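Colleague: Just input.pdb, nothing more (PDB, C-alpha atoms):
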```pdb
ATOM      1  CA  MET I   1     133.767 103.452 116.169
ATOM      2  CA  THR I   2     136.076 100.415 116.469
ATOM      3  CA  GLU I   3     136.544  98.642 113.164
ATOM      4  CA  LEU I   4     135.430  95.034 113.218
ATOM      5  CA  TYR I   5     137.063  91.932 111.764
ATOM      6  CA  LEU I   6     135.426  88.663 110.759
ATOM      7  CA  GLU I   7     136.042  87.232 114.245
ATOM      8  CA  ASP I   8     134.139  90.133 115.813
ATOM      9  CA  PHE I   9     130.860  89.461 114.000
ATOM     10  CA  TYR I  10     128.145  87.086 115.206
ATOM     11  CA  VAL I  11     124.654  86.218 114.069
ATOM     12  CA  GLY I  12     122.154  88.449 115.816
ATOM     13  CA  GLN I  13     124.613  91.326 116.272
ATOM     14  CA  ARG I  14     122.884  94.651 115.688
ATOM     15  CA  PHE I  15     123.958  98.117 114.533
ATOM     16  CA  THR I  16     121.987 101.338 114.300
ATOM     17  CA  SER I  17     123.065 104.262 112.140
ATOM     18  CA  ALA I  18     122.670 107.998 112.553
ATOM     19  CA  ASP I  19     119.783 109.815 110.825
ATOM     20  CA  HIS I  20     119.470 111.319 107.368
ATOM     21  CA  ALA I  21     116.830 113.990 106.724
ATOM     22  CA  LEU I  22     115.434 113.775 103.196
ATOM     23  CA  ASP I  23     113.788 116.665 101.370
ATOM     24  CA  ALA I  24     112.206 117.287  97.976
ATOM     25  CA  GLN I  25     115.312 118.973  96.595
ATOM     26  CA  GLN I  26     117.468 115.899  97.257
ATOM     27  CA  ILE I  27     114.801 113.623  95.754
ATOM     28  CA  LYS I  28     114.601 115.690  92.561
ATOM     29  CA  ALA I  29     118.387 116.074  92.224
ATOM     30  CA  PHE I  30     118.978 112.325  92.458
ATOM     31  CA  ALA I  31     116.088 111.623  90.094
ATOM     32  CA  ALA I  32     117.245 114.158  87.509
ATOM     33  CA  GLN I  33     120.526 112.303  87.295
ATOM     34  CA  PHE I  34     119.528 108.678  87.769
ATOM     35  CA  ASP I  35     115.768 108.114  87.668
ATOM     36  CA  PRO I  36     114.078 110.859  85.639
ATOM     37  CA  GLN I  37     110.447 109.861  86.078
ATOM     38  CA  PRO I  38     107.626 112.343  86.813
ATOM     39  CA  PHE I  39     106.778 110.883  90.257
ATOM     40  CA  HIS I  40     110.377 111.579  91.373
ATOM     41  CA  LEU I  41     110.698 115.027  89.747
ATOM     42  CA  ASP I  42     107.517 117.056  89.929
ATOM     43  CA  GLU I  43     105.040 117.405  92.804
ATOM     44  CA  ALA I  44     101.998 118.067  90.588
ATOM     45  CA  GLN I  45     102.638 115.163  88.237
ATOM     46  CA  ALA I  46     103.485 112.958  91.212
ATOM     47  CA  GLN I  47     100.130 113.815  92.777
ATOM     48  CA  ASP I  48      98.365 112.292  89.762
ATOM     49  CA  SER I  49     100.595 109.203  89.725
ATOM     50  CA  PHE I  50     100.444 105.778  91.353
ATOM     51  CA  PHE I  51     102.238 107.264  94.378
ATOM     52  CA  GLN I  52      99.883 110.246  94.918
ATOM     53  CA  GLY I  53     102.768 112.533  95.773
ATOM     54  CA  LEU I  54     106.488 112.969  95.305
ATOM     55  CA  VAL I  55     108.552 109.890  96.228
ATOM     56  CA  ALA I  56     112.253 109.128  96.190
ATOM     57  CA  SER I  57     113.680 106.698  93.680
ATOM     58  CA  GLY I  58     114.205 103.337  95.355
ATOM     59  CA  TRP I  59     117.828 103.595  94.249
ATOM     60  CA  HIS I  60     118.061 106.881  96.114
ATOM     61  CA  THR I  61     116.809 105.142  99.264
ATOM     62  CA  ALA I  62     119.410 102.435  98.642
ATOM     63  CA  ALA I  63     122.173 105.029  98.177
ATOM     64  CA  ILE I  64     121.174 106.897 101.351
ATOM     65  CA  THR I  65     121.180 103.592 103.219
ATOM     66  CA  MET I  66     124.692 102.916 101.939
ATOM     67  CA  SER I  67     125.797 106.363 103.157
ATOM     68  CA  LEU I  68     124.323 105.671 106.592
ATOM     69  CA  LEU I  69     126.138 102.337 106.797
ATOM     70  CA  ALA I  70     129.425 103.788 105.535
ATOM     71  CA  LYS I  71     129.358 106.763 107.887
ATOM     72  CA  SER I  72     127.960 105.276 111.055
ATOM     73  CA  GLY I  73     126.095 102.042 110.714
ATOM     74  CA  MET I  74     128.467  99.168 109.959
ATOM     75  CA  PRO I  75     132.128  99.459 110.970
ATOM     76  CA  ILE I  76     133.816  96.705 108.922
ATOM     77  CA  ALA I  77     137.616  96.888 108.973
ATOM     78  CA  GLY I  78     138.895  97.657 105.476
ATOM     79  CA  GLY I  79     135.591  99.104 104.349
ATOM     80  CA  LEU I  80     132.234  97.898 103.120
ATOM     81  CA  ILE I  81     132.788  95.740 100.064
ATOM     82  CA  GLY I  82     129.531  94.241  98.877
ATOM     83  CA  ALA I  83     129.242  91.231  96.593
ATOM     84  CA  GLY I  84     125.529  91.670  96.099
ATOM     85  CA  GLY I  85     122.222  91.540  97.851
ATOM     86  CA  GLU I  86     118.470  91.661  97.799
ATOM     87  CA  LEU I  87     116.248  94.692  98.159
ATOM     88  CA  THR I  88     112.580  95.359  98.682
ATOM     89  CA  TRP I  89     110.806  98.667  99.063
ATOM     90  CA  PRO I  90     107.687  97.917 101.121
ATOM     91  CA  ARG I  91     106.598 101.572 101.057
ATOM     92  CA  PRO I  92     107.839 104.750  99.396
ATOM     93  CA  THR I  93     110.271 107.277 100.834
ATOM     94  CA  ARG I  94     108.889 110.816 100.796
ATOM     95  CA  PRO I  95     110.075 114.408 101.352
ATOM     96  CA  GLY I  96     110.399 115.123 105.063
ATOM     97  CA  ASP I  97     111.309 111.547 105.934
ATOM     98  CA  VAL I  98     114.144 111.167 108.423
ATOM     99  CA  LEU I  99     115.800 107.857 107.670
ATOM    100  CA  HIS I 100     118.055 105.592 109.667
ATOM    101  CA  ALA I 101     119.368 102.085 109.138
ATOM    102  CA  GLU I 102     118.943  99.186 111.555
ATOM    103  CA  SER I 103     121.200  96.287 110.680
ATOM    104  CA  GLU I 104     121.474  92.726 111.912
ATOM    105  CA  VAL I 105     124.146  90.200 111.061
ATOM    106  CA  VAL I 106     122.371  87.118 109.716
ATOM    107  CA  GLU I 107     125.341  85.004 108.595
ATOM    108  CA  VAL I 108     129.078  84.796 109.276
ATOM    109  CA  ARG I 109     131.051  82.489 107.034
ATOM    110  CA  PRO I 110     134.850  82.113 106.838
ATOM    111  CA  SER I 111     136.154  81.498 103.336
ATOM    112  CA  ARG I 112     137.080  77.885 102.594
ATOM    113  CA  SER I 113     139.721  78.808 100.050
ATOM    114  CA  ARG I 114     141.143  82.061 101.435
ATOM    115  CA  PRO I 115     142.271  81.993 105.055
ATOM    116  CA  ASP I 116     142.503  85.784 105.380
ATOM    117  CA  ARG I 117     138.818  86.542 104.858
ATOM    118  CA  GLY I 118     135.171  85.566 105.013
ATOM    119  CA  MET I 119     131.720  86.804 104.185
ATOM    120  CA  ILE I 120     129.030  88.268 106.386
ATOM    121  CA  ALA I 121     125.409  88.717 105.415
ATOM    122  CA  VAL I 122     123.678  91.712 106.916
ATOM    123  CA  ARG I 123     119.956  92.464 106.851
ATOM    124  CA  THR I 124     119.324  96.200 106.989
ATOM    125  CA  GLU I 125     115.965  97.825 107.522
ATOM    126  CA  THR I 126     115.780 101.464 106.502
ATOM    127  CA  ARG I 127     113.141 103.154 108.648
ATOM    128  CA  ASN I 128     111.581 106.591 108.657
ATOM    129  CA  GLN I 129     110.823 108.781 111.687
ATOM    130  CA  LYS I 130     107.550 106.906 112.286
ATOM    131  CA  GLY I 131     109.349 103.578 112.389
ATOM    132  CA  ASP I 132     107.908 102.487 109.043
ATOM    133  CA  VAL I 133     110.226 100.255 107.050
ATOM    134  CA  VAL I 134     110.874 101.810 103.624
ATOM    135  CA  GLN I 135     113.551  99.361 102.492
ATOM    136  CA  VAL I 136     114.766  95.931 103.487
ATOM    137  CA  MET I 137     118.158  94.997 102.110
ATOM    138  CA  THR I 138     120.190  91.874 102.721
ATOM    139  CA  CYS I 139     123.780  92.293 101.573
ATOM    140  CA  ARG I 140     126.707  89.901 101.446
ATOM    141  CA  MET I 141     129.873  91.734 102.391
ATOM    142  CA  LEU I 142     133.542  90.882 102.620
ATOM    143  CA  ALA I 143     135.068  90.774 106.098
ATOM    144  CA  TRP I 144     138.775  90.328 106.767
ATOM    145  CA  LYS I 145     140.234  88.174 109.520
ATOM    146  CA  ARG I 146     142.185  90.065 112.139
ATOM    147  CA  PRO I 147     145.832  90.316 111.067
ATOM    148  CA  VAL I 148     148.111  88.159 113.233
TER     149      VAL I 148
ATOM    150  CA  MET T   1     109.796 104.174  71.998
ATOM    151  CA  THR T   2     106.289 102.715  72.271
ATOM    152  CA  GLU T   3     105.225 102.252  75.885
ATOM    153  CA  LEU T   4     104.391  98.689  76.741
ATOM    154  CA  TYR T   5     101.535  97.243  78.803
ATOM    155  CA  LEU T   6     101.384  93.946  80.646
ATOM    156  CA  GLU T   7      99.920  92.221  77.576
ATOM    157  CA  ASP T   8     102.916  93.332  75.493
ATOM    158  CA  PHE T   9     105.515  91.568  77.624
ATOM    159  CA  TYR T  10     106.607  87.961  77.205
ATOM    160  CA  VAL T  11     109.277  85.773  78.746
ATOM    161  CA  GLY T  12     112.443  85.970  76.682
ATOM    162  CA  GLN T  13     111.715  89.483  75.396
ATOM    163  CA  ARG T  14     114.897  91.543  75.252
ATOM    164  CA  PHE T  15     115.753  95.232  75.485
ATOM    165  CA  THR T  16     119.076  97.003  75.066
ATOM    166  CA  SER T  17     119.743 100.487  76.393
ATOM    167  CA  ALA T  18     121.917 103.318  75.107
ATOM    168  CA  ASP T  19     125.424 103.806  76.546
ATOM    169  CA  HIS T  20     126.676 105.726  79.558
ATOM    170  CA  ALA T  21     130.325 106.812  79.709
ATOM    171  CA  LEU T  22     131.651 106.786  83.262
ATOM    172  CA  ASP T  23     134.626 108.825  84.446
ATOM    173  CA  ALA T  24     136.533 109.356  87.684
ATOM    174  CA  GLN T  25     134.766 112.631  88.420
ATOM    175  CA  GLN T  26     131.332 110.968  88.379
ATOM    176  CA  ILE T  27     132.602 108.115  90.549
ATOM    177  CA  LYS T  28     134.012 110.497  93.157
ATOM    178  CA  ALA T  29     130.965 112.790  93.149
ATOM    179  CA  PHE T  30     128.572 109.892  93.789
ATOM    180  CA  ALA T  31     130.870 108.439  96.435
ATOM    181  CA  ALA T  32     131.299 111.741  98.257
ATOM    182  CA  GLN T  33     127.552 111.883  98.707
ATOM    183  CA  PHE T  34     126.587 108.239  99.166
ATOM    184  CA  ASP T  35     129.572 105.929  99.639
ATOM    185  CA  PRO T  36     132.523 107.877 101.056
ATOM    186  CA  GLN T  37     135.152 105.136 101.106
ATOM    187  CA  PRO T  38     138.774 105.627  99.966
ATOM    188  CA  PHE T  39     138.561 103.159  97.056
ATOM    189  CA  HIS T  40     135.720 105.260  95.561
ATOM    190  CA  LEU T  41     137.256 108.672  96.287
ATOM    191  CA  ASP T  42     141.011 108.748  95.815
ATOM    192  CA  GLU T  43     143.145 107.113  93.114
ATOM    193  CA  ALA T  44     146.242 106.699  95.291
ATOM    194  CA  GLN T  45     144.416 105.140  98.228
ATOM    195  CA  ALA T  46     142.375 103.013  95.822
ATOM    196  CA  GLN T  47     145.610 101.696  94.319
ATOM    197  CA  ASP T  48     146.580 100.269  97.716
ATOM    198  CA  SER T  49     143.106  98.794  98.360
ATOM    199  CA  PHE T  50     141.441  95.484  97.619
ATOM    200  CA  PHE T  51     140.423  96.901  94.220
ATOM    201  CA  GLN T  52     143.910  98.080  93.134
ATOM    202  CA  GLY T  53     142.474 101.212  91.544
ATOM    203  CA  LEU T  54     139.502 103.539  91.676
ATOM    204  CA  VAL T  55     136.132 101.778  91.405
ATOM    205  CA  ALA T  56     132.553 103.001  91.379
ATOM    206  CA  SER T  57     130.272 102.270  94.298
ATOM    207  CA  GLY T  58     128.036  99.327  93.452
ATOM    208  CA  TRP T  59     125.101 101.615  94.223
ATOM    209  CA  HIS T  60     126.423 104.021  91.604
ATOM    210  CA  THR T  61     126.442 101.193  89.064
ATOM    211  CA  ALA T  62     122.880 100.390  90.141
ATOM    212  CA  ALA T  63     121.806 104.030  89.796
ATOM    213  CA  ILE T  64     123.393 104.338  86.334
ATOM    214  CA  THR T  65     121.627 101.125  85.318
ATOM    215  CA  MET T  66     118.339 102.626  86.496
ATOM    216  CA  SER T  67     119.017 105.740  84.421
ATOM    217  CA  LEU T  68     119.720 103.623  81.344
ATOM    218  CA  LEU T  69     116.478 101.692  81.825
ATOM    219  CA  ALA T  70     114.442 104.828  82.497
ATOM    220  CA  LYS T  71     115.819 106.724  79.510
ATOM    221  CA  SER T  72     116.090 104.040  76.876
ATOM    222  CA  GLY T  73     116.110 100.492  78.094
ATOM    223  CA  MET T  74     112.686  99.454  79.364
ATOM    224  CA  PRO T  75     109.593 101.275  78.087
ATOM    225  CA  ILE T  76     106.896 100.309  80.607
ATOM    226  CA  ALA T  77     103.686 102.335  80.277
ATOM    227  CA  GLY T  78     103.189 104.448  83.390
ATOM    228  CA  GLY T  79     106.853 104.286  84.348
ATOM    229  CA  LEU T  80     109.231 101.910  86.040
ATOM    230  CA  ILE T  81     107.882 101.108  89.487
ATOM    231  CA  GLY T  82     110.015  98.531  91.227
ATOM    232  CA  ALA T  83     108.932  96.413  94.175
ATOM    233  CA  GLY T  84     112.397  95.050  94.792
ATOM    234  CA  GLY T  85     115.068  92.893  93.345
ATOM    235  CA  GLU T  86     118.379  91.133  93.602
ATOM    236  CA  LEU T  87     121.787  92.476  92.669
ATOM    237  CA  THR T  88     125.259  91.065  92.238
ATOM    238  CA  TRP T  89     128.419  92.857  91.190
ATOM    239  CA  PRO T  90     130.611  90.183  89.565
ATOM    240  CA  ARG T  91     133.384  92.718  88.841
ATOM    241  CA  PRO T  92     133.983  96.370  89.605
ATOM    242  CA  THR T  93     133.053  99.348  87.443
ATOM    243  CA  ARG T  94     136.019 101.634  86.720
ATOM    244  CA  PRO T  95     136.738 105.077  85.232
ATOM    245  CA  GLY T  96     136.553 104.950  81.441
ATOM    246  CA  ASP T  97     133.943 102.204  81.404
ATOM    247  CA  VAL T  98     131.132 102.703  78.917
ATOM    248  CA  LEU T  99     128.103 100.943  80.324
ATOM    249  CA  HIS T 100     124.903  99.706  78.785
ATOM    250  CA  ALA T 101     122.062  97.557  80.055
ATOM    251  CA  GLU T 102     120.827  94.350  78.432
ATOM    252  CA  SER T 103     117.490  93.260  79.837
ATOM    253  CA  GLU T 104     115.408  90.127  79.455
ATOM    254  CA  VAL T 105     111.889  89.564  80.730
ATOM    255  CA  VAL T 106     111.980  86.426  82.880
ATOM    256  CA  GLU T 107     108.437  86.403  84.287
ATOM    257  CA  VAL T 108     105.042  87.928  83.434
ATOM    258  CA  ARG T 109     102.345  87.516  86.027
ATOM    259  CA  PRO T 110      98.889  89.148  86.058
ATOM    260  CA  SER T 111      97.673  90.126  89.515
ATOM    261  CA  ARG T 112      95.126  87.747  91.043
ATOM    262  CA  SER T 113      93.466  90.442  93.127
ATOM    263  CA  ARG T 114      93.756  93.536  90.908
ATOM    264  CA  PRO T 115      92.510  93.152  87.330
ATOM    265  CA  ASP T 116      94.164  96.357  86.080
ATOM    266  CA  ARG T 117      97.768  95.293  86.660
ATOM    267  CA  GLY T 118     100.422  92.631  86.980
ATOM    268  CA  MET T 119     104.090  92.157  87.697
ATOM    269  CA  ILE T 120     107.001  91.497  85.404
ATOM    270  CA  ALA T 121     110.416  90.304  86.477
ATOM    271  CA  VAL T 122     113.312  91.571  84.415
ATOM    272  CA  ARG T 123     116.909  90.372  84.541
ATOM    273  CA  THR T 124     119.299  93.139  83.551
ATOM    274  CA  GLU T 125     122.991  92.701  82.855
ATOM    275  CA  THR T 126     125.041  95.889  82.976
ATOM    276  CA  ARG T 127     128.023  95.466  80.679
ATOM    277  CA  ASN T 128     131.072  97.564  79.945
ATOM    278  CA  GLN T 129     132.627  98.288  76.538
ATOM    279  CA  LYS T 130     134.489  94.959  76.608
ATOM    280  CA  GLY T 131     131.256  93.053  77.195
ATOM    281  CA  ASP T 132     132.191  92.222  80.792
ATOM    282  CA  VAL T 133     129.203  91.994  83.108
ATOM    283  CA  VAL T 134     129.637  94.432  86.016
ATOM    284  CA  GLN T 135     126.176  93.982  87.523
ATOM    285  CA  VAL T 136     123.339  91.483  87.301
ATOM    286  CA  MET T 137     120.029  92.723  88.638
ATOM    287  CA  THR T 138     116.678  90.985  88.658
ATOM    288  CA  CYS T 139     113.859  93.401  89.446
ATOM    289  CA  ARG T 140     110.147  92.894  89.940
ATOM    290  CA  MET T 141     108.242  95.769  88.386
ATOM    291  CA  LEU T 142     104.634  96.822  88.125
ATOM    292  CA  ALA T 143     103.030  96.647  84.682
ATOM    293  CA  TRP T 144      99.558  97.962  83.901
ATOM    294  CA  LYS T 145      97.074  96.225  81.661
ATOM    295  CA  ARG T 146      96.145  98.150  78.540
ATOM    296  CA  PRO T 147      93.174 100.418  79.276
ATOM    297  CA  VAL T 148      89.993  99.240  77.542
TER     298      VAL T 148
END
```
So that I can check it, write out the structure of this file as structure tokens.
Modeller:
Amino acid sequence: MTELYLEDFYVGQRFTSADHALDAQQIKAFAAQFDPQPFHLDEAQAQDSFFQGLVASGWHTAAITMSLLAKSGMPIAGGLIGAGGELTWPRPTRPGDVLHAESEVVEVRPSRSRPDRGMIAVRTETRNQKGDVVQVMTCRMLAWKRPV
Amino acid sequence: MTELYLEDFYVGQRFTSADHALDAQQIKAFAAQFDPQPFHLDEAQAQDSFFQGLVASGWHTAAITMSLLAKSGMPIAGGLIGAGGELTWPRPTRPGDVLHAESEVVEVRPSRSRPDRGMIAVRTETRNQKGDVVQVMTCRMLAWKRPV
């Protein structure tokens, strides 16, 4: 995929990533390391929880979304360097979900102080195989101007 | 640690987590799976990058912060169930950093429609051993009322 510079981005521009197939083993492995709560670790305990079944940590969904953007979803020249963002998880991610990321550029802003760069804001919906949105993330990312 | 219900939380309440020692191996392992970019994977290439050295993925910092909250930093009865939040990474996280999470309750709001629950908003600063803030996260989380 061609790498894109600040000048190449425009509001409304869209990108779609490849797919990631999620299973219970991945959910439990991430949770054991980063979010060791029963509804992310154990099917039986998850069944009796708020979620009524095993669900991925929201941070796992965020990390998978990052991997989709880094590998296929958002070709920023020089890499994806995020300054921050907002996240919501409108519904849980579950074993068997096949996730992909649909991104839209919502802001393009050249830096006032640094002529070699700017910032883009990208709204990314992470969707499962049914089209349900499991995460909405808006991230501000660095974008470099094309070298002259 | 005593688990806390909605009635136990108040604005200004503070929690401090245990520590997590981060090293290059952890940074590369997370990046290989979720954020495969040179500045997270390879010291030499990272040296020539924007970051001038190996840095953790921001999503790794977020995941470590979640682990600190889940294990020691935020004892919500029934678990930590996030609806979403905002993140910024004011400076990078690097190998050798020892991270901990300092949290403050910034909002407590009973549900209007569901008498058994409410929402709390928690602002969490992730700091390294020098006290530098590497992440600021404000999360909205579910909190249950104490069973009668």
Colleague: I'd like the residues picked by the ChimeraX specification (/T :<7) & /I written out as a ChimeraX atom specification, using the chain letters and numbers from the file.
Modeller: /I:34-37,59,63-64,66-67,70,79,83-89
Colleague: Quick one: write out the picked residues with C-alpha atoms as a short mmCIF file (atom, residue, chain, number, x, y, z; two decimals), keeping the file's coordinate frame?
Modeller:
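File produced: out-v3.cif:
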```cif
data_model
loop_
_atom_site.label_atom_id
_atom_site.label_comp_id
_atom_site.auth_asym_id
_atom_site.auth_seq_id
_atom_site.Cartn_x
_atom_site.Cartn_y
_atom_site.Cartn_z
CA PHE I 34 119.53 108.68 87.77
CA ASP I 35 115.77 108.11 87.67
CA PRO I 36 114.08 110.86 85.64
CA GLN I 37 110.45 109.86 86.08
CA TRP I 59 117.83 103.60 94.25
CA ALA I 63 122.17 105.03 98.18
CA ILE I 64 121.17 106.90 101.35
CA MET I 66 124.69 102.92 101.94
CA SER I 67 125.80 106.36 103.16
CA ALA I 70 129.43 103.79 105.54
CA GLY I 79 135.59 99.10 104.35
CA ALA I 83 129.24 91.23 96.59
CA GLY I 84 125.53 91.67 96.10
CA GLY I 85 122.22 91.54 97.85
CA GLU I 86 118.47 91.66 97.80
CA LEU I 87 116.25 94.69 98.16
CA THR I 88 112.58 95.36 98.68
CA TRP I 89 110.81 98.67 99.06
#
```
Colleague: Give me the residues near Gly118 in chain I as a PyMOL selection string, where near means some atom within 6 Å (using all atoms listed in the file) and where sequence neighbours in that chain fewer than 6 positions away do not count.
Modeller: chain I and resi 109-111+143
Colleague: At what distance in Å, to one decimal, does CA of Val134 in chain T lie from CA of Leu54 in chain T?
Modeller: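 If I compute the distance from CA of Leu54 in chain T to CA of Val134 in chain T, I get 14.6 Å.
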Colleague: Just to confirm, what's the straight-line distance from CA of Asp42 in chain T to CA of Thr93 in chain T in Å (one decimal)?
Modeller: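 A separation of 14.9 Å between them.
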Colleague: Between I:Gln52, I:Thr2, I:Asn128, I:Ser17, which residue has the minimum interatomic distance to Gly73 in chain I, considering all atoms listed in the file?
Modeller: I:Ser17
Colleague: Between CA of Asp8 in chain I and CA of Asp116 in chain I, what is the distance in Å, rounded to a tenth?
Modeller: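 Going from CA of Asp8 in chain I over to CA of Asp116 in chain I, I get 14.1 Å.
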Colleague: Output the residue selection produced by the PyMOL selection byres ((chain I and resi 96-107) around 8) on the file above, formatted as a ChimeraX atom specification.
Modeller: /I:9-24,65,68-69,73-74,93-95,108-109,119-129
Colleague: Write a file for range 83-103 of chain I of the given structure; include N, CA and C atoms and format it as a PDB file, in the first residue's frame.
Modeller:
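The resulting file, decode_10.pdb, is reproduced below:
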```pdb
ATOM      1  N   ALA I  83      -1.246  10.498  19.398  1.00  0.00           N
ATOM      2  CA  ALA I  83      -1.099  11.400  20.539  1.00  0.00           C
ATOM      3  C   ALA I  83      -2.162  11.122  21.591  1.00  0.00           C
ATOM      4  N   GLY I  84      -3.212  10.443  21.170  1.00  0.00           N
ATOM      5  CA  GLY I  84      -4.292  10.137  22.098  1.00  0.00           C
ATOM      6  C   GLY I  84      -5.576   9.932  21.345  1.00  0.00           C
ATOM      7  N   GLY I  85      -6.643   9.694  22.083  1.00  0.00           N
ATOM      8  CA  GLY I  85      -7.911   9.457  21.418  1.00  0.00           C
ATOM      9  C   GLY I  85      -9.027   9.144  22.384  1.00  0.00           C
ATOM     10  N   GLU I  86     -10.170   8.848  21.805  1.00  0.00           N
ATOM     11  CA  GLU I  86     -11.345   8.480  22.580  1.00  0.00           C
ATOM     12  C   GLU I  86     -11.828   7.120  22.121  1.00  0.00           C
ATOM     13  N   LEU I  87     -12.342   6.362  23.056  1.00  0.00           N
ATOM     14  CA  LEU I  87     -12.824   5.012  22.769  1.00  0.00           C
ATOM     15  C   LEU I  87     -14.188   4.794  23.377  1.00  0.00           C
ATOM     16  N   THR I  88     -15.050   4.092  22.679  1.00  0.00           N
ATOM     17  CA  THR I  88     -16.229   3.507  23.334  1.00  0.00           C
ATOM     18  C   THR I  88     -16.371   2.078  22.851  1.00  0.00           C
ATOM     19  N   TRP I  89     -16.976   1.271  23.700  1.00  0.00           N
ATOM     20  CA  TRP I  89     -17.236  -0.128  23.358  1.00  0.00           C
ATOM     21  C   TRP I  89     -18.750  -0.335  23.430  1.00  0.00           C
ATOM     22  N   PRO I  90     -19.448  -0.104  22.322  1.00  0.00           N
ATOM     23  CA  PRO I  90     -20.914  -0.171  22.357  1.00  0.00           C
ATOM     24  C   PRO I  90     -21.452  -1.580  22.614  1.00  0.00           C
ATOM     25  N   ARG I  91     -20.692  -2.601  22.237  1.00  0.00           N
ATOM     26  CA  ARG I  91     -21.074  -3.975  22.585  1.00  0.00           C
ATOM     27  C   ARG I  91     -19.815  -4.819  22.701  1.00  0.00           C
ATOM     28  N   PRO I  92     -19.913  -5.949  23.417  1.00  0.00           N
ATOM     29  CA  PRO I  92     -18.705  -6.736  23.664  1.00  0.00           C
ATOM     30  C   PRO I  92     -18.224  -7.494  22.435  1.00  0.00           C
ATOM     31  N   THR I  93     -16.950  -7.820  22.459  1.00  0.00           N
ATOM     32  CA  THR I  93     -16.309  -8.678  21.461  1.00  0.00           C
ATOM     33  C   THR I  93     -16.251 -10.079  22.040  1.00  0.00           C
ATOM     34  N   ARG I  94     -16.640 -11.074  21.227  1.00  0.00           N
ATOM     35  CA  ARG I  94     -16.775 -12.437  21.757  1.00  0.00           C
ATOM     36  C   ARG I  94     -15.977 -13.439  20.920  1.00  0.00           C
ATOM     37  N   PRO I  95     -15.718 -14.631  21.483  1.00  0.00           N
ATOM     38  CA  PRO I  95     -15.028 -15.676  20.720  1.00  0.00           C
ATOM     39  C   PRO I  95     -15.783 -15.963  19.423  1.00  0.00           C
ATOM     40  N   GLY I  96     -15.049 -16.144  18.352  1.00  0.00           N
ATOM     41  CA  GLY I  96     -15.678 -16.401  17.054  1.00  0.00           C
ATOM     42  C   GLY I  96     -15.881 -15.143  16.231  1.00  0.00           C
ATOM     43  N   ASP I  97     -15.762 -13.979  16.870  1.00  0.00           N
ATOM     44  CA  ASP I  97     -15.907 -12.738  16.104  1.00  0.00           C
ATOM     45  C   ASP I  97     -14.765 -12.593  15.099  1.00  0.00           C
ATOM     46  N   VAL I  98     -15.107 -12.136  13.921  1.00  0.00           N
ATOM     47  CA  VAL I  98     -14.112 -11.787  12.902  1.00  0.00           C
ATOM     48  C   VAL I  98     -14.179 -10.272  12.756  1.00  0.00           C
ATOM     49  N   LEU I  99     -13.098  -9.627  13.150  1.00  0.00           N
ATOM     50  CA  LEU I  99     -13.103  -8.166  13.269  1.00  0.00           C
ATOM     51  C   LEU I  99     -12.388  -7.508  12.092  1.00  0.00           C
ATOM     52  N   HIS I 100     -12.899  -6.343  11.695  1.00  0.00           N
ATOM     53  CA  HIS I 100     -12.126  -5.501  10.790  1.00  0.00           C
ATOM     54  C   HIS I 100     -12.356  -4.047  11.191  1.00  0.00           C
ATOM     55  N   ALA I 101     -11.510  -3.185  10.676  1.00  0.00           N
ATOM     56  CA  ALA I 101     -11.547  -1.773  11.053  1.00  0.00           C
ATOM     57  C   ALA I 101     -11.923  -0.919   9.848  1.00  0.00           C
ATOM     58  N   GLU I 102     -12.917  -0.068  10.038  1.00  0.00           N
ATOM     59  CA  GLU I 102     -13.322   0.883   8.999  1.00  0.00           C
ATOM     60  C   GLU I 102     -13.005   2.281   9.503  1.00  0.00           C
ATOM     61  N   SER I 103     -12.119   2.958   8.806  1.00  0.00           N
ATOM     62  CA  SER I 103     -11.626   4.245   9.285  1.00  0.00           C
ATOM     63  C   SER I 103     -12.029   5.380   8.352  1.00  0.00           C
TER      64      SER I 103
END
```
